[in-house]
Amino acid sequence: MLLPAAIITAQNNNGILNKFSLAENYENTGDLQKATKLYEDLYLANPDNNVFFESLNGVYLKQKNYAASVNLIERQIKKNPDDINLYGLLGSTYYLMGNEEKAYEVWDEPFTFMKPNPVLYSVIANYAVQRRAFDKAIDIYEKGKEAAGDKITFSYNLAQLYSITMQFKKAAEEYCNILAKNPAQLQTIQTKLLANANKPDALKVTISVVENYAGKDNLSFSYLLARLYIENKDYEKAFDMYVDIDNRQSQKGRELYKYAEFLFREKQYSLAKDVYEKIIGRYPESPLIASSKLGYAKALEAILMNEYADHVPAWKPYFPIVTYESEKIDDVIAAFKDVADVYKHSEASYEALLRIGMIKFYLLNKQDEAKSYFNKVINEASLSGSAADAYRELGKLALLNGNLTGAERNFAKITILSKIDLQKITDAKYNLARIKFYEGDIKSAQKLLADIMKNLKDDNANDAIGLSLLMNTSKNDSSNLLLFAEAEFLADQKKFTQAADKYKMIAGNPRAFIFHSVASLRTAEMMLALSDYQQAIKLFENVVEEGEKNIYADKALYLLGEIYQYGLGDGAKAIEIYEKLLAKFPLSIYIDEARERIRNLKEKIS
Amino acid sequence: MISKTLKFISVLLIVSSVSVFPQSKILIYMDLNQTDHLKAYGITFRALNSGYKADWLLNYRGGSFLLDYSKKLAAECRLEGVAFEDVSLSEAADIYSFVQSDENNMDVIRLEKAPKIAVYVPPGFQPWDDAVTLVLEYAKVPYDKIWNDEILKGDLDKYDWLHLHHEDFTGQYGKFFASFSNAQWYIDNQIRYEQNAKKNGFKKVSEMMKVVAQDIKSFVAKGGFLFAMCSATDSYDIALAAHNVDIVAQMYDGDPPDQNAQQKLDYSNTLAFTDFKLEMNPYVYEYSDIDIQPAEIGNYDNDYFTLFEFSAKYDPVPTMLTQDHVNVIHGFMGQTTMFRKSRIKKSVTILAEREGTDQVKYIHGNYGRGFFTFYGGHDPEDYQHAVGDPPTDLSLYKNSPGYRLILNNILFPAATKKKQKT
């Protein structure tokens with residue numbers, strides 16, 4: 001019986017497919033010998049079928065049967081000498097065998113008889129990359145680049161390979177070549193170059209390459225270089241670049257403004273100030289002028305406050321108001337006034353007024369002027385974000401001047417404001433509790449403190465617990481409690497001498513045993529506030545000598561160390577005191593700080 | 001009567017041999033009252049470096065240290081926040097007598113010379129940290145970083161103690177391919193290893209790592225101390241077992257593994273493990289069945305391991321390695337978390353395990369004249385420390401019992417070798 005030819009062919013095809021599926025199954029289940037046999041049968045029966053050829057070659061390689069792979073591919077090359085993929089595969093097999101020399105020779109072979117074209121270079125280089133023969137791939141691409149009319153055909157490939165092999169200078173050269181031809185590639189190239197930035201020396205050499213291109217008309221290089229300078233924290237040079245970019249683009253300070261904002265976030269206040277100043281000076285008509293003025297004022301203020309912080313003896317628990325003279329103060333106030341004018345009746349304007357008030361209060365001790373600024377904020381914008389701060393400052397001013405009614409009124413206002421930070425409300429409540437304590441209204445003070453202590457994570461919780469404890473434990477000693485409250489009130493008014501007298505009275509009263517510890521410490525702290533170091537030392541030493549009898553003995557020892565360190569500049573003696581603190585009070589809360597001080601002082605001394 | 005007299009004389013000998021008439025001694029107690037267990041090791045280590053002698057009082061108040069008193073040492077303890085007591089010579093004699101008494105499972109080990117420490121760590125950025133390096137830094141124990149170049153040129157001879165960083169000695173780059181093959185750190189790491197292999201004359205990283213593993217083994221054989229954690233434990237032994245066979249998949253070393261890799265493993269060449277089955281799937285984040293899988297561990301709340309108690313007088317080495325203020329410790333995971341008991345060689349001492357399971361946390365053994373200790377898991381104070389997680393701040397874990405076990409290992413080589421009691 002004769003079957004039609006089509007049916008025979010179809011049956012044959014089914015047989016081949018079944019055989020191939022079976023071979024694949026064997027391969028996948030790890031029975032490579034059976035798979036090889038079937039692939040060989042299939043290949044011999046269908047030598048022109050590329051799928052069978054590749055499968056057979058693959059299974060030879062899986063078994064590390066490199067000789068068979070070489071034979072197979074060479075046989076295929078004889079049939080198709082122009083198939084460049086076969087040279088790629090043959091080179092790969094030699095490379096796997098460990099014969100690099102032969103692999104390179106095979107990969108080079110097509111170039112000897114075929115007309116070079118980009119596809120040829122790409123295909124062969126890809127085989128080299130697959131085998132991680134990066135140097136060879138680079139060599140092929142470099143030759144391709146040389147042969148191509150367009151010198152950037154392989155630049156991305158080369159740049160990537162140079163980056164992988166950590167040849168960052170050459171990578172940067174390639175990326176610059178691309179950017180020179182195609183400025184729109186800036187974002188892509190910047191991302192790729194920044195990815196290398198954290199590798200040793202990469203940023204430095206990249207910058208040196210990009211600098212050679214940046215002078216040219218292509219503005220992308222300037223953007224790239226500015227970004228690289230920022231990455232290298234070379235902010236001055238970045239500034240120059242952005243000035244140049246702004247000049248060449250007539251952007252009226254847009255790039256400079258973005259840069260200034262960045263500098264401010266990075267706490268580079270001095271340079272931020274310069275950049276804002278540049279925008280204000282150069283582009284008075286720019287739409288960014290108002291924002292720049294606010295930025296300028298804030299940068300100036302930040303610089304001033306950094307200097308002021310060094311001037312204030314913040315290490316002392318109490319210290320008098322210290323007026324601060326600096327030419328910068330006028331500049332800051334002028335800058336904020338400018339903002340207040342530009343932004344009239346806006347949040348920024350009221351924030352500027354608040355800042356001016358605070359400078360007048362804390363730095364210049366011009367309390368009346370400060371008060372007028374705070375009142376202006378409250379009167380004109382009682383619902384603004386700055387109102388709570390203005391009430392707080394007015395409360396502090398009143399307290400400083402012994403005006404408990406005024407202080408209470410202002411702090412109480414904060415507690416009924418809506419949409420303000422909860423912390424500001426509890427700050428106000430703590431101040432109110434102290435005011436009630438000064439007034440002798442212990443019950444009200446306790447109620448306010450209890451409210452704060454509900455949240456032990458609150459910043460005021462510890463102080464609230466301390467004050468509450470003092471009031472609770474001295475219920476039966478009301479005369480000393482009131483005397484202590486008076487002394488505390490005087491200390492808050494910075495009337496240190498008068499406060500010291502009252503503390504002394506308490507400390508010297510043998511019946512005031514609950515208050516003895518704290519009053520002894522406070523007496524010494526008042527002397528410290530008055531900068532009477534010798535007296536303060538003597539008093540602190542007395543507290544220390546009381547040892548476990550005085551719960552503040554560790555604090556007294558710590559403050560003694562601070563007197564020697566900051567007040568008298570005697571580092572060696574300070575170390576001795578701090579070490580004594582470690583020895584005598586190993587569980588003190590001042591221990592960690594004392595250790596840090598010892599380490600820092602020892603470093604300074606050595 | 002005679003035995004009492006002998007005991008008294010031996011105590012006198014210890015006290016008088018410590019130094020010439022010291023005024024008193026510093027007892028750094030290591031029980032639950034210690035304020036900073038980790039820095040206590042640093043103090044002792046640096047004291048040894050400065051020429052002090054120290055005695056390790058095994059099982060006495062958590063494995064305490066007794067050092068000659070000096071103002072400098074006392075000040076340093078205070079500065080570092082390490083609690084101690086001044087003890088007079090007569091009190092010290094009482095302590096020695098108590099510790100050496102036959103009734104107590106305690107002993108005195110004299111520490112004489114701090115070991116010179118090397119940590120095997122690749123250069124460049126690693127998106128994970130290493131518990132040993134962290135604790136050495138925290139305790140201020142000095143160490144050198146070394147890598148393949150140093151090992152291959154024989155620099156291990158300069159060191160007494162070697163720690164293997166979270167490392168893959170099989171040349172499979174941690175088997176992170178499935179999750180991280182496109183991550184920049186992974187790409188950089190692979191090229192760094194490949195360049196290093198090329199520089200050292202190897203065609204493949206896996207080939208270089210086998211030689212490095214073998215060199216480390218020789219270091220141990222010559223009397224070195226090897227400490228490994230996490231994946232450096234099993235991957236190291238696997239590399240030794242695979243010294244004659246390619247077990248690495250194509251994506252890691254460019255060529256396929258030997259089809260009979262499993263059968264060709266040479267377990268006689270390993271230090272700790274045997275009869276393990278390799279995980280040949282290159283996409284699976286596991287080397288073999290040595291490691292215990294998370295599903296086998298179960299609930300985090302129940303993951304505790306127990307330290308074995310050894311006889312201080314008869315087994316001083318395992319006793320030193322298990323000194324701690326607690327003996328049940330919370331577990332912690334790693335690429336290699338714990339070791340399957342059936343895969344541990346019989347010659348190896350198990351120091352800690354999860355009671356009632358085949359899960360072993362901490363093992364120790366000898367090879368040649370040296371010792372090795374393997375500790376499963378990555379970070380004793382971070383249960384599941386993932387790639388990219390920030391390092392643990394040890395100032396928050398000053399009393400970590402898990403970290404203490406690491407530090408036992410750095411002091412143990414300082415112990416004076418004494419004759420084994422018979």
# chains A, B, ... in the order shown; residues from 1 in each chain; ligands from 1
$ residues_around --residues "B:Val135" --least-positions-apart "3" --cutoff "8 Å" --atoms "only C-alpha atoms" --output "NGL selection string"
:B and (38 or 131-132 or 138-139 or 394 or 403 or 407)
$ interface_residues --of "chain B" --to "chain A" --cutoff "6 Å" --atoms "only C-alpha atoms" --output "list in words"
Arg78, Leu79 and Pro256 of chain B
$ residues_around --residues "stretch 409-420 of chain A" --least-positions-apart "5" --cutoff "8 Å" --atoms "only C-alpha atoms" --output "list in words"
Leu383, Gly385, Ala388, Tyr391, Arg392, Leu394, Gly395, Ile425, Thr426, Ala428, Lys429, Asn431 and Leu432 of chain A
$ write_last_selection --atoms "C-alpha atoms" --output "short mmCIF file (atom, residue, chain, number, x, y, z; two decimals), in the first residue's frame"
data_model
loop_
_atom_site.label_atom_id
_atom_site.label_comp_id
_atom_site.auth_asym_id
_atom_site.auth_seq_id
_atom_site.Cartn_x
_atom_site.Cartn_y
_atom_site.Cartn_z
CA LEU A 383 -3.94 82.34 63.26
CA GLY A 385 2.02 79.56 62.11
CA ALA A 388 2.28 80.39 68.88
CA TYR A 391 3.03 84.10 72.39
CA ARG A 392 5.81 81.88 73.75
CA LEU A 394 6.07 87.18 75.01
CA GLY A 395 5.54 84.73 77.88
CA ILE A 425 1.18 73.07 73.76
CA THR A 426 2.95 70.90 76.35
CA ALA A 428 3.32 76.04 77.32
CA LYS A 429 1.68 73.80 79.94
CA ASN A 431 5.67 76.90 81.77
CA LEU A 432 2.20 77.43 83.19
#
$ select_by_dssp --residues "stretch 30-269 of chain A" --states "alpha helix (DSSP H)" --output "VMD selection string"
chain A and resid 32 to 45 50 to 62 66 to 79 84 to 97 100 to 113 118 to 130 134 to 147 155 to 164 168 to 181 186 to 195 202 to 214 219 to 231 235 to 249 254 to 265 269
$ atom_distance --atom1 "atom CA of A:Asn403" --atom2 "atom CA of A:Ala529"
22.0 Å
$ residues_around --residues "stretch 169-181 of chain A" --least-positions-apart "4" --cutoff "12 Å" --atoms "only C-alpha atoms" --output "JSON, numbers by chain"
{"A": [138, 141, 142, 145, 150, 151, 152, 153, 154, 155, 156, 157, 158, 159, 160, 161, 162, 163, 164, 165, 185, 186, 187, 188, 189, 190, 191, 192, 193, 194, 195, 196, 197, 201, 202, 203, 204, 205, 206, 207, 208, 209, 210, 211, 212, 213, 214, 215, 216, 217, 218, 219, 220, 221, 222, 223, 224, 225, 228]}
$ atom_distance --atom1 "atom CA of A:Leu288" --atom2 "atom CA of A:Ser349"
16.2 Å
$ residues_around --residues "stretch 306-313 of chain B" --least-positions-apart "3" --cutoff "12 Å" --atoms "only C-alpha atoms" --output "MDAnalysis selection string"
chainID B and resid 56:60 63 99:109 303 316:331 349:357 359:363 401:402 405 418:422
$ atom_distance --atom1 "atom CA of A:Ile333" --atom2 "atom CA of A:Gln367"
15.4 Å
$ residues_around --residues "A:Gln268" --least-positions-apart "5" --cutoff "12 Å" --atoms "only C-alpha atoms" --output "list in words"
Ile230, Lys233, Asp234, Tyr235, Glu236, Tyr259, Ala260, Glu261, Phe262, Leu263, Lys273, Asp274, Val275, Lys298, Ala299, Leu300, Ala302, Ile303 and Asn306 of chain A
$ write_last_selection --atoms "C-alpha atoms" --output "short mmCIF file (atom, residue, chain, number, x, y, z; two decimals), in the first residue's frame"
data_model
loop_
_atom_site.label_atom_id
_atom_site.label_comp_id
_atom_site.auth_asym_id
_atom_site.auth_seq_id
_atom_site.Cartn_x
_atom_site.Cartn_y
_atom_site.Cartn_z
CA ILE A 230 28.54 68.87 43.68
CA LYS A 233 31.50 68.52 47.38
CA ASP A 234 33.42 71.16 45.44
CA TYR A 235 30.65 73.69 45.87
CA GLU A 236 32.63 76.79 44.86
CA TYR A 259 21.63 75.42 43.53
CA ALA A 260 21.20 77.85 46.44
CA GLU A 261 18.30 75.78 47.81
CA PHE A 262 20.45 72.68 47.59
CA LEU A 263 23.30 74.41 49.45
CA LYS A 273 24.04 83.24 51.00
CA ASP A 274 26.46 84.17 48.20
CA VAL A 275 24.34 82.42 45.59
CA LYS A 298 17.56 82.68 56.32
CA ALA A 299 21.09 81.88 55.20
CA LEU A 300 22.40 85.05 56.84
CA ALA A 302 21.87 80.68 60.08
CA ILE A 303 25.43 82.03 59.83
CA ASN A 306 26.15 79.58 64.44
#
$ closest_residue --among "A:Gly281, A:Ala487, A:Leu353, A:Ile359" --to "A:Ile329" --atoms "only C-alpha atoms"
A:Ile359
$ select_by_dssp --residues "stretch 39-235 of chain B" --states "strand (DSSP E or B)" --output "MDAnalysis selection string"
chainID B and resid 54:58 64:68 85:88 107:111 117:120 144:146 161:164 225:229
$ residues_around --residues "A:Tyr308" --least-positions-apart "2" --cutoff "10 Å" --atoms "only C-alpha atoms" --output "list of chain:residue names"
A:Ala302, A:Ile303, A:Leu304, A:Met305, A:Asn306, A:Asp310, A:His311, A:Val312, A:Val322, A:Thr323, A:Tyr324, A:Glu325, A:Ser326, A:Tyr362, A:Leu363
$ write_last_selection --atoms "C-alpha atoms" --output "compact mmCIF listing (two decimals), in the first residue's frame"
# COMPACT_ATOMS: atom_id res chain seq x y z
CA ALA A 302 21.87 80.68 60.08
CA ILE A 303 25.43 82.03 59.83
CA LEU A 304 24.75 84.54 62.60
CA MET A 305 23.19 81.91 64.88
CA ASN A 306 26.15 79.58 64.44
CA ASP A 310 29.80 79.81 70.15
CA HIS A 311 29.47 83.05 72.10
CA VAL A 312 26.89 81.85 74.65
CA VAL A 322 24.53 87.95 76.84
CA THR A 323 24.28 90.72 74.31
CA TYR A 324 26.03 89.91 71.11
CA GLU A 325 27.66 92.50 68.95
CA SER A 326 28.14 91.65 65.35
CA TYR A 362 18.16 87.22 72.62
CA LEU A 363 21.08 88.85 70.84
